[in-house]
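J.: Before anything else, here's the structure in question.
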Amino acid sequence: EIASLLLGESVEPQAIPPSSHDFGYNLAALALGTAEEGCIGETLSAIVSAYEVDYEINEYDGINDDVKALLKDKVETIVLEESRHAMLAWRTVAWVCSTDEKACEEVLRTKFTQKRLDAALQSHLAGEGKEKARSEGEKIFKALVPYVVNKKNDDMIDCGRFTNVEGFDSGKPMVEQLSDMIIHGVICS
């Protein structure tokens, strides 16, 4: 629908390719794939999309204000879905870590290193003006990595403070609300 709006012609999705993931009973493989694609990928995808709503869509040339408003609404829906996927991924890795110490150590050693997380932030959020979005990504990683691998940091979060997981307040940048939503959605659920 978004592509059709922007191009002014009907664009239909193609068939989704079949999944090639086969975790069997290997919790380490499940945790590694979930950490990479869910915890890192879905989290950063949501942040990038929220940043676009906050700072980029209004700058698009050749699109009238009505289309921009509709585009923002559609992307906000995508951000909410991506954030839910991210939260599920973080909770899944937390479950694996509570079940299989060796799988958890492998995730921490290969996916959740500071170098790996910094590289992911840089690749998704490079560029001038994206410092706030990078900062919110760092905030999520700093809160959730220690939490999922050994259940620390939960005492630093006020679970009663944040209750809105169904939408965003237009008075505050979406990217800031998103980081709170993801952190609280994992730790407080």
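Ordering of the structure tokens sets the chain letters (A, B, ...), residue numbers begin anew at 1 in every chain, and ligands are numbered from 1 in the order given.
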Chain A: which residues are helix (DSSP H, G or I) by DSSP, as a PDB file with C-alpha atoms, in the first residue's frame?

T.:
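As a result, part-v5.pdb now contains:
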ATOM      1  CA  ILE A   2       2.846   2.402   0.810  1.00  0.00           C
ATOM      2  CA  ALA A   3       4.612   1.687  -2.483  1.00  0.00           C
ATOM      3  CA  SER A   4       1.345   2.265  -4.352  1.00  0.00           C
ATOM      4  CA  LEU A   5       0.887   5.596  -2.561  1.00  0.00           C
ATOM      5  CA  LEU A   6       4.368   6.775  -3.408  1.00  0.00           C
ATOM      6  CA  LEU A   7       4.425   5.532  -6.999  1.00  0.00           C
ATOM      7  CA  LEU A  27      18.365 -24.220  21.659  1.00  0.00           C
ATOM      8  CA  ALA A  28      21.695 -22.593  20.800  1.00  0.00           C
ATOM      9  CA  ALA A  29      20.703 -22.347  17.121  1.00  0.00           C
ATOM     10  CA  LEU A  30      17.304 -20.970  18.105  1.00  0.00           C
ATOM     11  CA  ALA A  31      18.866 -18.391  20.411  1.00  0.00           C
ATOM     12  CA  LEU A  32      21.550 -17.359  17.908  1.00  0.00           C
ATOM     13  CA  GLY A  33      19.054 -16.892  15.077  1.00  0.00           C
ATOM     14  CA  THR A  34      16.600 -15.080  17.318  1.00  0.00           C
ATOM     15  CA  ALA A  35      19.284 -12.807  18.747  1.00  0.00           C
ATOM     16  CA  GLU A  36      20.523 -11.843  15.278  1.00  0.00           C
ATOM     17  CA  GLU A  37      17.251 -11.475  13.412  1.00  0.00           C
ATOM     18  CA  GLY A  38      14.918 -10.563  16.257  1.00  0.00           C
ATOM     19  CA  CYS A  39      16.775  -8.848  19.070  1.00  0.00           C
ATOM     20  CA  ILE A  40      19.134  -6.941  16.812  1.00  0.00           C
ATOM     21  CA  GLY A  41      17.382  -6.858  13.430  1.00  0.00           C
ATOM     22  CA  GLU A  42      13.776  -6.238  14.495  1.00  0.00           C
ATOM     23  CA  THR A  43      14.818  -3.757  17.192  1.00  0.00           C
ATOM     24  CA  LEU A  44      16.877  -1.710  14.757  1.00  0.00           C
ATOM     25  CA  SER A  45      14.256  -1.967  12.019  1.00  0.00           C
ATOM     26  CA  ALA A  46      11.688  -0.479  14.393  1.00  0.00           C
ATOM     27  CA  ILE A  47      14.081   2.311  15.399  1.00  0.00           C
ATOM     28  CA  VAL A  48      14.899   3.175  11.779  1.00  0.00           C
ATOM     29  CA  SER A  49      11.215   3.302  10.873  1.00  0.00           C
ATOM     30  CA  ALA A  50      10.357   5.412  13.934  1.00  0.00           C
ATOM     31  CA  TYR A  51      13.168   7.798  13.017  1.00  0.00           C
ATOM     32  CA  GLU A  52      11.747   8.112   9.504  1.00  0.00           C
ATOM     33  CA  VAL A  53       8.347   9.060  10.918  1.00  0.00           C
ATOM     34  CA  ASP A  54       9.875  11.564  13.338  1.00  0.00           C
ATOM     35  CA  TYR A  55      12.363  13.255  11.032  1.00  0.00           C
ATOM     36  CA  GLU A  56      12.263  12.214   7.383  1.00  0.00           C
ATOM     37  CA  ILE A  57       8.759  11.783   5.981  1.00  0.00           C
ATOM     38  CA  ASN A  58       7.930  15.488   6.254  1.00  0.00           C
ATOM     39  CA  GLU A  59      11.032  16.244   4.180  1.00  0.00           C
ATOM     40  CA  ASP A  65       0.626  16.651   3.090  1.00  0.00           C
ATOM     41  CA  ASP A  66      -2.321  14.234   2.992  1.00  0.00           C
ATOM     42  CA  VAL A  67      -0.147  11.471   1.551  1.00  0.00           C
ATOM     43  CA  LYS A  68       2.590  12.264   4.078  1.00  0.00           C
ATOM     44  CA  ALA A  69       0.068  11.932   6.921  1.00  0.00           C
ATOM     45  CA  LEU A  70      -1.199   8.618   5.553  1.00  0.00           C
ATOM     46  CA  LEU A  71       2.361   7.404   5.065  1.00  0.00           C
ATOM     47  CA  LYS A  72       3.225   8.300   8.666  1.00  0.00           C
ATOM     48  CA  ASP A  73       0.174   6.400   9.873  1.00  0.00           C
ATOM     49  CA  LYS A  74       1.117   3.293   7.875  1.00  0.00           C
ATOM     50  CA  VAL A  75       4.749   3.382   9.014  1.00  0.00           C
ATOM     51  CA  GLU A  76       3.641   3.844  12.636  1.00  0.00           C
ATOM     52  CA  THR A  77       1.684   0.594  12.305  1.00  0.00           C
ATOM     53  CA  ILE A  78       4.829  -1.081  10.955  1.00  0.00           C
ATOM     54  CA  VAL A  79       6.846   0.296  13.896  1.00  0.00           C
ATOM     55  CA  LEU A  80       4.371  -1.188  16.364  1.00  0.00           C
ATOM     56  CA  GLU A  81       4.551  -4.581  14.639  1.00  0.00           C
ATOM     57  CA  GLU A  82       8.357  -4.528  14.478  1.00  0.00           C
ATOM     58  CA  SER A  83       8.515  -3.585  18.165  1.00  0.00           C
ATOM     59  CA  ARG A  84       6.299  -6.548  19.068  1.00  0.00           C
ATOM     60  CA  HIS A  85       8.549  -8.852  17.047  1.00  0.00           C
ATOM     61  CA  ALA A  86      11.584  -7.406  18.828  1.00  0.00           C
ATOM     62  CA  MET A  87      10.000  -7.884  22.265  1.00  0.00           C
ATOM     63  CA  LEU A  88       9.122 -11.491  21.464  1.00  0.00           C
ATOM     64  CA  ALA A  89      12.690 -12.105  20.317  1.00  0.00           C
ATOM     65  CA  TRP A  90      14.195 -10.633  23.499  1.00  0.00           C
ATOM     66  CA  ARG A  91      11.806 -12.703  25.646  1.00  0.00           C
ATOM     67  CA  THR A  92      12.659 -15.827  23.632  1.00  0.00           C
ATOM     68  CA  VAL A  93      16.395 -15.360  24.193  1.00  0.00           C
ATOM     69  CA  ALA A  94      15.709 -14.703  27.892  1.00  0.00           C
ATOM     70  CA  TRP A  95      13.817 -18.001  28.043  1.00  0.00           C
ATOM     71  CA  VAL A  96      16.663 -19.857  26.325  1.00  0.00           C
ATOM     72  CA  CYS A  97      19.132 -18.276  28.754  1.00  0.00           C
ATOM     73  CA  SER A  98      17.045 -19.428  31.703  1.00  0.00           C
ATOM     74  CA  THR A  99      16.953 -22.951  30.225  1.00  0.00           C
ATOM     75  CA  GLU A 101      23.446 -21.826  30.112  1.00  0.00           C
ATOM     76  CA  LYS A 102      25.774 -22.915  27.270  1.00  0.00           C
ATOM     77  CA  ALA A 103      23.401 -21.582  24.584  1.00  0.00           C
ATOM     78  CA  CYS A 104      23.167 -18.332  26.492  1.00  0.00           C
ATOM     79  CA  GLU A 105      26.949 -18.032  26.748  1.00  0.00           C
ATOM     80  CA  GLU A 106      27.229 -18.576  22.982  1.00  0.00           C
ATOM     81  CA  VAL A 107      24.706 -15.816  22.272  1.00  0.00           C
ATOM     82  CA  LEU A 108      26.541 -13.461  24.599  1.00  0.00           C
ATOM     83  CA  ARG A 109      29.922 -14.364  23.091  1.00  0.00           C
ATOM     84  CA  THR A 110      28.882 -14.129  19.416  1.00  0.00           C
ATOM     85  CA  GLN A 114      29.726  -4.600  22.374  1.00  0.00           C
ATOM     86  CA  LYS A 115      31.633  -4.625  19.087  1.00  0.00           C
ATOM     87  CA  ARG A 116      28.823  -6.513  17.317  1.00  0.00           C
ATOM     88  CA  LEU A 117      26.092  -4.271  18.736  1.00  0.00           C
ATOM     89  CA  ASP A 118      28.025  -1.098  17.882  1.00  0.00           C
ATOM     90  CA  ALA A 119      28.527  -2.338  14.314  1.00  0.00           C
ATOM     91  CA  ALA A 120      24.801  -3.075  13.963  1.00  0.00           C
ATOM     92  CA  LEU A 121      23.886   0.374  15.262  1.00  0.00           C
ATOM     93  CA  GLN A 122      26.362   1.983  12.894  1.00  0.00           C
ATOM     94  CA  SER A 123      25.166   0.041   9.855  1.00  0.00           C
ATOM     95  CA  HIS A 124      21.494   0.819  10.495  1.00  0.00           C
ATOM     96  CA  GLU A 131      22.460  10.471  16.976  1.00  0.00           C
ATOM     97  CA  LYS A 132      19.208  10.392  18.964  1.00  0.00           C
ATOM     98  CA  ALA A 133      18.075   7.218  17.219  1.00  0.00           C
ATOM     99  CA  ARG A 134      21.491   5.585  17.834  1.00  0.00           C
ATOM    100  CA  SER A 135      21.274   6.674  21.471  1.00  0.00           C
ATOM    101  CA  GLU A 136      17.860   5.013  21.845  1.00  0.00           C
ATOM    102  CA  GLY A 137      19.231   1.817  20.273  1.00  0.00           C
ATOM    103  CA  GLU A 138      22.129   1.853  22.717  1.00  0.00           C
ATOM    104  CA  LYS A 139      19.665   2.382  25.565  1.00  0.00           C
ATOM    105  CA  ILE A 140      17.709  -0.724  24.512  1.00  0.00           C
ATOM    106  CA  PHE A 141      20.828  -2.886  24.181  1.00  0.00           C
ATOM    107  CA  LYS A 142      22.272  -1.657  27.515  1.00  0.00           C
ATOM    108  CA  ALA A 143      19.035  -2.482  29.319  1.00  0.00           C
ATOM    109  CA  LEU A 144      18.108  -5.748  27.640  1.00  0.00           C
ATOM    110  CA  VAL A 145      21.353  -7.639  27.023  1.00  0.00           C
ATOM    111  CA  PRO A 146      22.189  -7.932  30.735  1.00  0.00           C
ATOM    112  CA  TYR A 147      18.543  -8.646  31.504  1.00  0.00           C
ATOM    113  CA  VAL A 148      18.087 -11.509  29.070  1.00  0.00           C
ATOM    114  CA  VAL A 149      21.391 -13.229  29.799  1.00  0.00           C
ATOM    115  CA  ASN A 150      21.155 -13.173  33.584  1.00  0.00           C
ATOM    116  CA  ASP A 154      14.947  -5.425  36.129  1.00  0.00           C
ATOM    117  CA  ASP A 155      15.239  -3.539  39.429  1.00  0.00           C
ATOM    118  CA  MET A 156      16.320  -0.407  37.506  1.00  0.00           C
ATOM    119  CA  MET A 174       8.287   8.150  18.398  1.00  0.00           C
ATOM    120  CA  VAL A 175      11.852   6.840  18.558  1.00  0.00           C
ATOM    121  CA  GLU A 176      12.087   7.799  22.261  1.00  0.00           C
ATOM    122  CA  GLN A 177       8.737   6.196  23.078  1.00  0.00           C
ATOM    123  CA  LEU A 178       9.743   3.101  21.140  1.00  0.00           C
ATOM    124  CA  SER A 179      12.830   2.406  23.247  1.00  0.00           C
ATOM    125  CA  ASP A 180      10.750   2.642  26.435  1.00  0.00           C
ATOM    126  CA  MET A 181       8.062   0.440  24.881  1.00  0.00           C
ATOM    127  CA  ILE A 182      10.519  -2.308  23.953  1.00  0.00           C
ATOM    128  CA  ILE A 183      12.412  -2.245  27.258  1.00  0.00           C
ATOM    129  CA  HIS A 184       9.248  -2.317  29.342  1.00  0.00           C
ATOM    130  CA  GLY A 185       7.604  -4.856  27.054  1.00  0.00           C
ATOM    131  CA  VAL A 186      10.423  -7.280  27.763  1.00  0.00           C
ATOM    132  CA  ILE A 187      11.226  -6.632  31.412  1.00  0.00           C
TER     133      ILE A 187
END

J.: Enter the distance from CA of Phe168 in chain A to CA of Cys188 in chain A, in Å, rounded to one decimal.

T.: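 The value is 18.3 Å.
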
J.: Would you mind reading off the distance between CA of Pro173 in chain A and CA of Glu128 in chain A, one decimal, in Å?

T.: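 Separation of CA of Pro173 in chain A and CA of Glu128 in chain A: 17.4 Å.
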
J.: Have a look at CA of Asp100 in chain A and CA of Thr113 in chain A and let me know their distance in Å, one decimal.

T.: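 The value is 18.8 Å.
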